[in-house]
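Everything below belongs to query_33.cif, which stores mmCIF, C-alpha atoms.
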data_model
#
loop_
_atom_site.label_atom_id
_atom_site.label_comp_id
_atom_site.auth_asym_id
_atom_site.auth_seq_id
_atom_site.Cartn_x
_atom_site.Cartn_y
_atom_site.Cartn_z
CA MET A 1 34.78 -0.96 -6.10
CA ILE A 2 32.30 1.21 -7.97
CA THR A 3 34.06 0.47 -11.25
CA LEU A 4 34.00 -3.26 -10.53
CA ALA A 5 30.30 -3.17 -9.67
CA TRP A 6 29.58 -1.27 -12.88
CA ARG A 7 31.45 -3.82 -14.97
CA GLN A 8 29.58 -6.68 -13.32
CA HIS A 9 26.13 -5.20 -13.94
CA ARG A 10 26.45 -3.22 -17.17
CA ARG A 11 25.22 -6.14 -19.26
CA GLN A 12 22.15 -6.46 -17.04
CA LEU A 13 21.54 -2.74 -17.44
CA LEU A 14 21.87 -2.98 -21.22
CA PHE A 15 19.34 -5.83 -21.41
CA THR A 16 16.98 -3.94 -19.10
CA LEU A 17 17.15 -0.82 -21.26
CA ILE A 18 16.56 -2.87 -24.42
CA GLY A 19 13.54 -4.50 -22.80
CA PHE A 20 12.03 -1.17 -21.76
CA ALA A 21 12.70 0.31 -25.17
CA ALA A 22 10.86 -2.60 -26.78
CA LEU A 23 8.00 -2.16 -24.32
CA ALA A 24 7.80 1.56 -25.11
CA ALA A 25 7.80 0.86 -28.86
CA LEU A 26 4.79 -1.41 -28.32
CA MET A 27 2.84 0.69 -25.81
CA VAL A 28 3.30 4.24 -27.10
CA PRO A 29 1.38 3.72 -30.40
CA ILE A 30 -1.46 2.05 -28.46
CA GLY A 31 -1.52 4.93 -26.00
CA ILE A 32 -1.67 7.51 -28.79
CA SER A 33 -4.50 5.60 -30.46
CA MET A 34 -6.48 5.44 -27.22
CA ARG A 35 -6.11 9.18 -26.66
CA HIS A 36 -7.23 10.01 -30.18
CA THR A 37 -10.32 7.80 -29.81
CA PHE A 38 -11.01 9.28 -26.37
CA ALA A 39 -10.99 12.78 -27.86
CA ASP A 40 -13.00 11.83 -30.96
CA LEU A 41 -15.80 10.44 -28.78
CA GLY A 42 -15.94 13.68 -26.81
CA LEU A 43 -15.02 11.93 -23.57
CA PRO A 44 -12.84 14.74 -22.13
CA ASP A 45 -15.99 16.90 -22.04
CA CYS A 46 -17.94 14.01 -20.52
CA VAL A 47 -15.40 13.65 -17.73
CA ARG A 48 -15.91 17.31 -16.83
CA GLU A 49 -19.71 17.12 -17.16
CA LEU A 50 -20.14 13.98 -15.07
CA ALA A 51 -18.09 15.54 -12.28
CA ARG A 52 -20.92 18.07 -11.80
CA SER A 53 -23.77 17.25 -9.44
CA ASP A 54 -26.37 18.97 -11.66
CA VAL A 55 -25.59 17.18 -14.93
CA ALA A 56 -28.64 16.72 -17.14
CA PRO A 57 -29.96 13.12 -17.44
CA ALA A 58 -29.74 13.26 -21.25
CA THR A 59 -26.09 14.33 -21.08
CA ALA A 60 -25.33 11.60 -18.56
CA ASP A 61 -26.91 8.94 -20.79
CA THR A 62 -25.02 10.18 -23.86
CA CYS A 63 -21.72 10.16 -22.00
CA GLU A 64 -22.32 6.71 -20.54
CA GLY A 65 -22.94 5.42 -24.07
CA ALA A 66 -19.68 6.97 -25.28
CA PHE A 67 -17.78 5.46 -22.35
CA ARG A 68 -19.22 2.03 -23.17
CA GLN A 69 -18.17 2.44 -26.79
CA PHE A 70 -14.61 3.26 -25.73
CA THR A 71 -14.52 0.36 -23.25
CA ASN A 72 -15.81 -2.10 -25.85
CA ARG A 73 -12.96 -1.11 -28.14
CA TYR A 74 -10.09 -1.01 -25.64
CA GLY A 75 -11.36 -3.05 -22.70
CA SER A 76 -9.24 -6.04 -23.73
CA LEU A 77 -6.14 -3.99 -22.92
CA ASN A 78 -6.86 -4.68 -19.27
CA LEU A 79 -5.31 -8.10 -19.90
CA VAL A 80 -2.13 -6.34 -21.03
CA ALA A 81 -2.24 -4.29 -17.83
CA VAL A 82 -2.30 -7.51 -15.80
CA LEU A 83 0.89 -8.66 -17.53
CA LEU A 84 2.56 -5.32 -16.81
CA LEU A 85 2.01 -5.86 -13.08
CA VAL A 86 4.80 -8.44 -13.04
CA LEU A 87 7.53 -6.06 -14.23
CA PRO A 88 8.60 -4.92 -10.72
CA MET A 89 8.75 -8.58 -9.71
CA LEU A 90 10.97 -9.39 -12.70
CA VAL A 91 13.35 -6.63 -11.65
CA GLY A 92 13.56 -8.22 -8.22
CA LEU A 93 14.15 -11.67 -9.71
CA PHE A 94 16.92 -10.67 -12.11
CA TRP A 95 18.51 -7.73 -10.29
CA GLY A 96 17.98 -8.44 -6.60
CA ALA A 97 18.10 -12.21 -6.22
CA PRO A 98 21.43 -12.77 -8.06
CA LEU A 99 23.25 -9.91 -6.30
CA VAL A 100 24.42 -11.97 -3.32
CA ALA A 101 23.30 -15.48 -4.26
CA ARG A 102 25.31 -15.62 -7.49
CA GLU A 103 28.47 -14.36 -5.80
CA VAL A 104 28.18 -16.95 -3.02
CA GLU A 105 27.18 -19.78 -5.34
CA GLN A 106 30.16 -19.14 -7.62
CA GLY A 107 32.53 -18.42 -4.70
CA THR A 108 33.61 -15.01 -6.04
CA HIS A 109 32.64 -13.35 -2.75
CA ARG A 110 35.76 -14.79 -1.12
CA PHE A 111 37.99 -13.00 -3.60
CA ALA A 112 36.18 -9.69 -3.16
CA TRP A 113 36.21 -9.81 0.64
CA THR A 114 39.92 -10.69 0.90
CA GLN A 115 41.25 -7.87 -1.31
CA GLY A 116 41.05 -5.05 1.19
CA ILE A 117 37.30 -4.49 0.73
CA GLY A 118 35.20 -5.30 3.75
CA ARG A 119 31.84 -6.98 3.54
CA ARG A 120 30.03 -3.83 4.62
CA HIS A 121 31.78 -1.70 1.99
CA TRP A 122 31.14 -4.29 -0.70
CA ALA A 123 27.48 -4.58 0.22
CA LEU A 124 26.86 -0.83 0.43
CA VAL A 125 28.37 -0.19 -3.00
CA LYS A 126 26.57 -3.10 -4.66
CA PHE A 127 23.27 -2.37 -2.97
CA GLY A 128 23.54 1.34 -3.69
CA LEU A 129 24.23 0.82 -7.40
CA VAL A 130 21.38 -1.63 -7.89
CA VAL A 131 18.90 0.48 -5.89
CA ALA A 132 19.84 3.62 -7.83
CA VAL A 133 19.42 1.91 -11.21
CA THR A 134 16.16 0.20 -10.35
CA THR A 135 14.70 3.36 -8.80
CA THR A 136 15.43 5.28 -12.00
CA VAL A 137 13.81 2.53 -14.06
CA ALA A 138 10.79 2.48 -11.73
CA VAL A 139 10.30 6.25 -11.97
CA CYS A 140 10.33 6.09 -15.78
CA TYR A 141 7.98 3.11 -15.72
CA GLY A 142 5.54 4.84 -13.35
CA LEU A 143 5.45 8.04 -15.40
CA GLY A 144 5.05 6.16 -18.67
CA MET A 145 2.27 3.92 -17.37
CA SER A 146 0.44 6.90 -15.83
CA TRP A 147 0.34 8.46 -19.29
CA TRP A 148 -0.67 5.22 -21.01
CA VAL A 149 -3.41 4.10 -18.64
CA THR A 150 -5.14 7.48 -18.14
CA PRO A 151 -7.83 6.98 -20.86
CA LEU A 152 -8.65 3.51 -19.49
CA THR A 153 -9.02 4.80 -15.93
CA GLN A 154 -11.17 7.74 -17.01
CA ALA A 155 -13.46 5.40 -18.93
CA ALA A 156 -13.76 2.91 -16.05
CA ARG A 157 -16.37 3.59 -13.39
CA GLU A 158 -13.95 2.79 -10.54
CA GLY A 159 -11.33 5.18 -11.95
CA ARG A 160 -7.73 5.27 -10.77
CA LEU A 161 -8.44 3.53 -7.44
CA GLY A 162 -9.52 0.28 -9.08
CA PHE A 163 -7.47 -2.87 -8.75
CA ILE A 164 -4.69 -3.29 -11.33
CA VAL A 165 -4.78 0.29 -12.64
CA PHE A 166 -3.87 1.67 -9.19
CA ASP A 167 -0.77 -0.54 -9.14
CA LEU A 168 0.42 0.56 -12.58
CA GLN A 169 0.68 4.31 -12.18
CA GLY A 170 1.81 7.11 -9.92
CA VAL A 171 4.56 6.54 -7.37
CA ALA A 172 3.43 3.07 -6.26
CA PRO A 173 5.60 1.21 -8.85
CA ILE A 174 8.67 2.78 -7.23
CA GLY A 175 7.77 1.19 -3.90
CA TYR A 176 6.97 -2.17 -5.51
CA THR A 177 10.27 -2.23 -7.41
CA LEU A 178 12.39 -1.29 -4.40
CA PHE A 179 10.63 -3.92 -2.32
CA ALA A 180 11.15 -6.59 -5.00
CA VAL A 181 14.87 -5.79 -5.28
CA ALA A 182 15.37 -5.69 -1.51
CA LEU A 183 13.46 -8.96 -1.11
CA GLY A 184 15.65 -10.55 -3.78
CA ILE A 185 18.83 -9.36 -2.07
CA PHE A 186 17.66 -10.64 1.30
CA ALA A 187 16.55 -13.95 -0.22
CA GLY A 188 20.04 -14.32 -1.68
CA THR A 189 21.51 -14.17 1.82
CA LEU A 190 19.14 -16.94 2.95
CA GLY A 191 19.29 -19.43 0.11
CA ARG A 192 22.81 -18.48 -1.06
CA ARG A 193 21.94 -20.09 -4.40
CA MET A 194 20.24 -18.51 -7.37
CA LEU A 195 17.21 -20.79 -7.73
CA PRO A 196 16.12 -20.79 -4.06
CA ALA A 197 16.66 -17.02 -3.88
CA MET A 198 14.49 -16.43 -6.94
CA THR A 199 11.79 -18.76 -5.57
CA ILE A 200 11.69 -16.92 -2.25
CA THR A 201 11.51 -13.60 -4.10
CA LEU A 202 8.66 -14.76 -6.32
CA VAL A 203 6.54 -16.23 -3.53
CA GLY A 204 7.25 -13.41 -1.08
CA PHE A 205 6.54 -10.62 -3.56
CA VAL A 206 3.23 -12.09 -4.74
CA GLY A 207 2.11 -12.85 -1.19
CA VAL A 208 2.91 -9.43 0.27
CA ARG A 209 1.51 -7.52 -2.73
CA ALA A 210 -1.75 -9.48 -2.59
CA ALA A 211 -2.08 -9.05 1.18
CA VAL A 212 -1.55 -5.29 1.03
CA ALA A 213 -3.90 -4.79 -1.93
CA VAL A 214 -6.74 -6.88 -0.52
CA LEU A 215 -6.41 -6.45 3.25
CA ALA A 216 -4.73 -3.10 3.83
CA ARG A 217 -5.51 -0.74 0.92
CA PRO A 218 -9.29 -0.54 1.47
CA HIS A 219 -8.60 0.67 5.04
CA TYR A 220 -5.95 3.36 4.50
CA GLN A 221 -8.70 5.86 5.31
CA PRO A 222 -12.16 5.32 6.81
CA ALA A 223 -14.53 4.53 3.95
CA ARG A 224 -17.55 6.73 3.34
CA THR A 225 -21.14 5.59 2.92
CA ALA A 226 -23.86 6.83 0.60
CA GLU A 227 -27.59 6.17 0.78
CA PHE A 228 -30.22 7.00 -1.83
CA PRO A 229 -33.82 5.88 -2.21
CA VAL A 230 -34.98 2.95 -4.28
CA THR A 231 -37.89 4.83 -5.83
CA ASP A 232 -37.19 7.80 -8.09
CA ALA A 233 -33.50 7.66 -7.26
CA GLY A 234 -32.49 9.26 -10.54
CA ARG A 235 -28.77 9.29 -11.32
CA LEU A 236 -26.38 7.89 -8.73
CA PRO A 237 -25.10 10.66 -6.46
CA LEU A 238 -21.54 9.33 -6.68
CA ASP A 239 -18.99 10.71 -9.14
CA ARG A 240 -17.21 8.38 -11.53
CA GLY A 241 -13.86 7.29 -10.17
CA ASN A 242 -14.96 6.38 -6.65
CA TRP A 243 -13.86 2.94 -5.48
CA VAL A 244 -16.98 1.09 -4.35
CA LEU A 245 -16.00 -1.47 -1.71
CA SER A 246 -19.47 -2.82 -1.02
CA SER A 247 -23.01 -2.10 -2.13
CA GLY A 248 -26.53 -3.41 -1.85
CA VAL A 249 -30.11 -2.67 -0.94
CA ARG A 250 -31.10 -2.36 2.72
CA ASN A 251 -34.52 -2.38 4.34
CA PRO A 252 -35.51 0.50 6.64
CA ASP A 253 -34.13 -1.44 9.64
CA GLY A 254 -30.68 -1.54 7.98
CA LYS A 255 -30.76 -5.25 7.08
CA MET A 256 -29.06 -6.07 3.79
CA VAL A 257 -31.59 -7.81 1.54
CA ALA A 258 -29.92 -7.58 -1.88
CA PRO A 259 -26.10 -7.44 -1.69
CA ASP A 260 -23.96 -6.34 -4.61
CA THR A 261 -26.83 -4.72 -6.48
CA GLN A 262 -28.89 -1.56 -6.66
CA ILE A 263 -32.47 -0.84 -7.64
CA MET A 264 -33.78 2.31 -9.27
CA CYS A 265 -37.56 2.19 -9.64
CA PRO A 266 -39.51 4.92 -11.45
CA PRO A 267 -42.50 6.22 -9.52
CA GLY A 268 -45.41 3.79 -9.80
CA ALA A 269 -43.30 0.92 -11.15
CA ARG A 270 -44.59 -2.56 -10.27
CA ALA A 271 -42.87 -5.90 -9.79
CA PRO A 272 -43.56 -8.74 -12.27
CA GLY A 273 -45.96 -10.32 -9.75
CA GLY A 274 -47.92 -7.13 -9.32
CA GLY A 275 -46.39 -5.95 -6.02
CA GLU A 276 -44.23 -2.95 -5.31
CA CYS A 277 -41.05 -2.60 -7.37
CA GLY A 278 -38.40 -4.85 -5.80
CA SER A 279 -40.84 -6.74 -3.57
CA GLU A 280 -39.77 -10.04 -5.17
CA LEU A 281 -36.41 -9.54 -3.43
CA GLY A 282 -37.98 -9.03 -0.03
CA ILE A 283 -37.61 -5.25 -0.16
CA GLN A 284 -39.93 -3.37 2.18
CA PRO A 285 -41.35 0.16 1.75
CA GLY A 286 -38.70 2.68 2.67
CA ALA A 287 -35.78 0.53 1.50
CA TYR A 288 -32.73 2.30 0.18
CA ASN A 289 -29.60 1.70 -1.89
CA TRP A 290 -26.39 1.67 0.12
CA GLN A 291 -22.74 1.96 -0.90
CA LEU A 292 -19.45 1.87 0.98
CA TYR A 293 -16.75 3.61 -1.02
CA GLN A 294 -13.39 5.38 -1.09
CA PRO A 295 -13.59 8.79 -2.81
CA ALA A 296 -11.69 9.32 -6.05
CA ASP A 297 -9.79 12.30 -4.61
CA ARG A 298 -7.90 10.00 -2.24
CA PHE A 299 -5.87 8.50 -5.09
CA TRP A 300 -2.62 10.32 -4.35
CA LEU A 301 -2.99 9.87 -0.58
CA PHE A 302 -3.37 6.14 -1.09
CA GLN A 303 -0.45 6.13 -3.53
CA TRP A 304 1.89 7.74 -1.00
CA ILE A 305 0.69 5.51 1.84
CA GLU A 306 1.24 2.33 -0.16
CA THR A 307 4.59 3.53 -1.50
CA GLY A 308 5.67 4.33 2.05
CA ILE A 309 4.74 0.83 3.20
CA PHE A 310 6.84 -0.87 0.52
CA VAL A 311 9.78 1.51 0.85
CA ALA A 312 9.81 0.84 4.61
CA LEU A 313 9.70 -2.92 3.97
CA ALA A 314 12.57 -2.54 1.49
CA ALA A 315 14.66 -0.63 4.03
CA VAL A 316 14.09 -3.32 6.66
CA LEU A 317 15.02 -6.10 4.21
CA LEU A 318 18.22 -4.33 3.14
CA TYR A 319 19.21 -3.87 6.78
CA LEU A 320 18.58 -7.55 7.47
CA ALA A 321 20.57 -8.47 4.36
CA LEU A 322 23.54 -6.46 5.66
CA ARG A 323 23.33 -8.35 8.94
CA ARG A 324 23.10 -11.70 7.17
CA ILE A 325 26.15 -11.02 4.99
CA ARG A 326 28.31 -10.99 8.09
CA ARG A 327 27.42 -14.64 8.71
CA ILE A 328 28.31 -15.90 5.25
CA ALA A 329 31.46 -18.01 5.36
#
structure tokens encoding of this file:
Amino acid sequence: MITLAWRQHRRQLLFTLIGFAALAALMVPIGISMRHTFADLGLPDCVRELARSDVAPATADTCEGAFRQFTNRYGSLNLVAVLLLVLPMLVGLFWGAPLVAREVEQGTHRFAWTQGIGRRHWALVKFGLVVAVTTTVAVCYGLGMSWWVTPLTQAAREGRLGFIVFDLQGVAPIGYTLFAVALGIFAGTLGRRMLPAMTITLVGFVGVRAAVAVLARPHYQPARTAEFPVTDAGRLPLDRGNWVLSSGVRNPDGKMVAPDTQIMCPPGARAPGGGECGSELGIQPGAYNWQLYQPADRFWLFQWIETGIFVALAAVLLYLALRRIRRIA
């Protein structure tokens, strides 16, 4: 049975390896170029300096300028990162969805299940082979993308916890890939035809990934708050890399008067109309900047939590697929 499964899927594996080799040939030179530019601009030193609470204002301004220069040159690569998000889904579409659906659609499952190989044995071998191959691919993908995206995350203010970059690196791609494959397998037991199975996989993967990223991820741990005065605030007391969930300016009574912004007024600064700095926004004396954020040092905790969620979902879907296979005529 193992030999048969290998013969059925070796062409898929070959095409997958060719695709990842082509991707590596494209991405590795870009990654090397980014790292050279990052070093030439002195940004590794800036990362260490900005992590200190007593960094000099002149140093902070110089480093911020260097970060902007790097972002202006490589910021467009964020569009490439968006495209790379679909790779786990493609694995689910072309490895998971056809696993059962193609066999049933072509009728070859009847031959396999009447040659002394039970449905459970057949499913365990096929599922095991596909899960092992896709897990290996996902591990290589996660390690490679972690290396490639590091300069971009260090240059971005939100760091590794930001949307898109969080999904590309670490162990999270392993969970996404396993979930996509398991969803494809389960969809194949529902639709029993290739096209419906792939449609269910596509819609289900996008829906669940979006729901977890938007609704669940910000609440894996209680968010922290930071407050700092409007006048003479100086440099923000938050390190680069923190994931800011919400921000704004609040009056002394706690009422939000200027959402999604912050004000830093030098002592004695006046508003255009002659009032106190910020008075045109309805800001009262004693107002303060407010931020709700997830600290940068929670990156790996969030990675393991999210990976655990998708691995658990994958396990449930594979179990349900095993149950469904028993009902296929």
Margin query: Can you pull out the residues contacting A:Ser33? Cut-off 12 Å, using all atoms listed in the file, and skip same-chain residues under 4 positions away; I want them as a list in words.
Written below: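 The neighbour list is Leu26, Met27, Val28, Pro29, Thr37, Phe38, Ala39, Asp40, Phe70, Arg73, Tyr74, Trp148, Val149, Pro151 and Leu152 of chain A.
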Output C-alpha atoms for every residue in the selection just made, as an mmCIF file, in the coordinates of the input.
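This is the output file result-v5.cif:
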data_model
loop_
_atom_site.group_PDB
_atom_site.id
_atom_site.type_symbol
_atom_site.label_atom_id
_atom_site.label_comp_id
_atom_site.auth_asym_id
_atom_site.auth_seq_id
_atom_site.Cartn_x
_atom_site.Cartn_y
_atom_site.Cartn_z
ATOM 1 C CA LEU A 26 4.790 -1.410 -28.320
ATOM 2 C CA MET A 27 2.840 0.690 -25.810
ATOM 3 C CA VAL A 28 3.300 4.240 -27.100
ATOM 4 C CA PRO A 29 1.380 3.720 -30.400
ATOM 5 C CA THR A 37 -10.320 7.800 -29.810
ATOM 6 C CA PHE A 38 -11.010 9.280 -26.370
ATOM 7 C CA ALA A 39 -10.990 12.780 -27.860
ATOM 8 C CA ASP A 40 -13.000 11.830 -30.960
ATOM 9 C CA PHE A 70 -14.610 3.260 -25.730
ATOM 10 C CA ARG A 73 -12.960 -1.110 -28.140
ATOM 11 C CA TYR A 74 -10.090 -1.010 -25.640
ATOM 12 C CA TRP A 148 -0.670 5.220 -21.010
ATOM 13 C CA VAL A 149 -3.410 4.100 -18.640
ATOM 14 C CA PRO A 151 -7.830 6.980 -20.860
ATOM 15 C CA LEU A 152 -8.650 3.510 -19.490
#
Check: How far is it from atom CA of A:Leu90 to atom CA of A:Thr16, in Å with one decimal?
Finding: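 These atoms are spaced 10.3 Å apart.
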Margin query: Which residues, named as in the file, does the PyMOL selection byres ((chain A and resi 263) around 6) pick out? Answer as a list in words.
Written below: Val230, Gln262 and Met264 of chain A
Check: So which one's closest to A:Leu99, A:Leu129, A:Leu85, A:Ala60, A:Leu320? Using all atoms listed in the file, please.
Finding: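 Going through A:Leu129, A:Leu85, A:Ala60, A:Leu320 one by one, the smallest distance to A:Leu99 is for A:Leu129.
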Next item on the list: Go through A:Arg250, A:Arg298, A:Arg10, A:Arg35 and flag the residue nearest A:Gly286, using all atoms listed in the file for the distances.
Entry: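 Distance minimum relative to A:Gly286 lands on A:Arg250.
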Notebook entry, point to check: So which one's closest to A:Ala24, A:Leu143, A:Ala51, A:Ala216, A:Ala101? Using only C-alpha atoms, please.
Noted result: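 The closest residue to A:Ala24 is A:Leu143.
Excluding A:Ala66 itself and same-chain residues fewer than 5 positions from it, the residues having an atom within 8 Å of it are Leu41, Gly42 and Leu43 of chain A, counting only C-alpha atoms.
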Next item on the list: Using the chain letters and numbering of this document, enumerate as a PyMOL selection string the residues selected by the PyMOL selection byres ((chain A and resi 323) around 12).
Entry: chain A and resi 119-120+123-124+185-186+189-190+316-322+324-328
Got a sec: who's within 12 Å of A:Ile305, counting only C-alpha atoms, leaving out chain neighbours fewer than 2 positions off, as a short mmCIF file (atom, residue, chain, number, x, y, z; two decimals) with C-alpha atoms, in the coordinates of the input?
data_model
loop_
_atom_site.label_atom_id
_atom_site.label_comp_id
_atom_site.auth_asym_id
_atom_site.auth_seq_id
_atom_site.Cartn_x
_atom_site.Cartn_y
_atom_site.Cartn_z
CA GLY A 170 1.81 7.11 -9.92
CA VAL A 171 4.56 6.54 -7.37
CA ALA A 172 3.43 3.07 -6.26
CA GLY A 175 7.77 1.19 -3.90
CA VAL A 212 -1.55 -5.29 1.03
CA ALA A 213 -3.90 -4.79 -1.93
CA ALA A 216 -4.73 -3.10 3.83
CA ARG A 217 -5.51 -0.74 0.92
CA PRO A 218 -9.29 -0.54 1.47
CA HIS A 219 -8.60 0.67 5.04
CA TYR A 220 -5.95 3.36 4.50
CA GLN A 221 -8.70 5.86 5.31
CA ARG A 298 -7.90 10.00 -2.24
CA PHE A 299 -5.87 8.50 -5.09
CA TRP A 300 -2.62 10.32 -4.35
CA LEU A 301 -2.99 9.87 -0.58
CA PHE A 302 -3.37 6.14 -1.09
CA GLN A 303 -0.45 6.13 -3.53
CA THR A 307 4.59 3.53 -1.50
CA GLY A 308 5.67 4.33 2.05
CA ILE A 309 4.74 0.83 3.20
CA PHE A 310 6.84 -0.87 0.52
CA VAL A 311 9.78 1.51 0.85
CA ALA A 312 9.81 0.84 4.61
#
Checklist line | Nearest to A:Leu83, chosen from A:Ile164, A:Ala58, A:Ala187, A:Ile30, with only C-alpha atoms counted in the distances | finding: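 Looking only at the distances to A:Leu83, the closest residue turns out to be A:Ile164.
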Margin query: So, with all atoms listed in the file as the atoms that count, which of A:Cys277, A:Cys63, A:Val257, A:Ala315 lies closest to A:Ala155?
Written below: A:Cys63
Next item on the list: Could you check which of A:Val244, A:Ala287, A:Pro196, A:Gly144 is closest to A:Ala25, using all atoms listed in the file?
Entry: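 Among the listed residues, the smallest separation from A:Ala25 belongs to A:Gly144.
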Next item on the list: Work out how far atom CA of A:Glu105 is from atom CA of A:Val91, in Å to one decimal.
Entry: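 Taking atom CA of A:Val91 as the start and atom CA of A:Glu105 as the end point, the length is 20.1 Å.
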Check: Skipping near chain neighbours, those fewer than 5 positions away, what residues fall within 9 Å of A:Gly241 using all atoms listed in the file, listed as JSON, numbers by chain?
Finding: {"A": [153, 154, 155, 156, 157, 158, 159, 160, 161, 162, 295, 296, 297]}
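Pairwise distance (atom CA of A:Leu79, atom CA of A:Ser146) equals 16.6 Å.
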Note to self: as an NGL selection string, please: the residues near A:Gly248 (cut-off 8 Å, only C-alpha atoms, same-chain neighbours under 5 positions excluded).
What the structure shows: :A and (256-262 or 289-291)
Would you put the residues from that selection into a file with C-alpha atoms, as a compact mmCIF listing (two decimals), in the coordinates of the input?
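Ended up saving to selection-v8.txt:
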# COMPACT_ATOMS: atom_id res chain seq x y z
CA MET A 256 -29.06 -6.07 3.79
CA VAL A 257 -31.59 -7.81 1.54
CA ALA A 258 -29.92 -7.58 -1.88
CA PRO A 259 -26.10 -7.44 -1.69
CA ASP A 260 -23.96 -6.34 -4.61
CA THR A 261 -26.83 -4.72 -6.48
CA GLN A 262 -28.89 -1.56 -6.66
CA ASN A 289 -29.60 1.70 -1.89
CA TRP A 290 -26.39 1.67 0.12
CA GLN A 291 -22.74 1.96 -0.90
Could you expand the PyMOL selection byres ((chain A and resi 17) around 12) into the explicit residues it covers here, written as a short mmCIF file (atom, residue, chain, number, x, y, z; two decimals) with C-alpha atoms, in the coordinates of the input?
data_model
loop_
_atom_site.label_atom_id
_atom_site.label_comp_id
_atom_site.auth_asym_id
_atom_site.auth_seq_id
_atom_site.Cartn_x
_atom_site.Cartn_y
_atom_site.Cartn_z
CA ARG A 10 26.45 -3.22 -17.17
CA ARG A 11 25.22 -6.14 -19.26
CA GLN A 12 22.15 -6.46 -17.04
CA LEU A 13 21.54 -2.74 -17.44
CA LEU A 14 21.87 -2.98 -21.22
CA PHE A 15 19.34 -5.83 -21.41
CA THR A 16 16.98 -3.94 -19.10
CA ILE A 18 16.56 -2.87 -24.42
CA GLY A 19 13.54 -4.50 -22.80
CA PHE A 20 12.03 -1.17 -21.76
CA ALA A 21 12.70 0.31 -25.17
CA ALA A 22 10.86 -2.60 -26.78
CA LEU A 23 8.00 -2.16 -24.32
CA ALA A 24 7.80 1.56 -25.11
CA VAL A 91 13.35 -6.63 -11.65
CA VAL A 133 19.42 1.91 -11.21
CA THR A 134 16.16 0.20 -10.35
CA THR A 136 15.43 5.28 -12.00
CA VAL A 137 13.81 2.53 -14.06
CA ALA A 138 10.79 2.48 -11.73
CA CYS A 140 10.33 6.09 -15.78
CA TYR A 141 7.98 3.11 -15.72
#
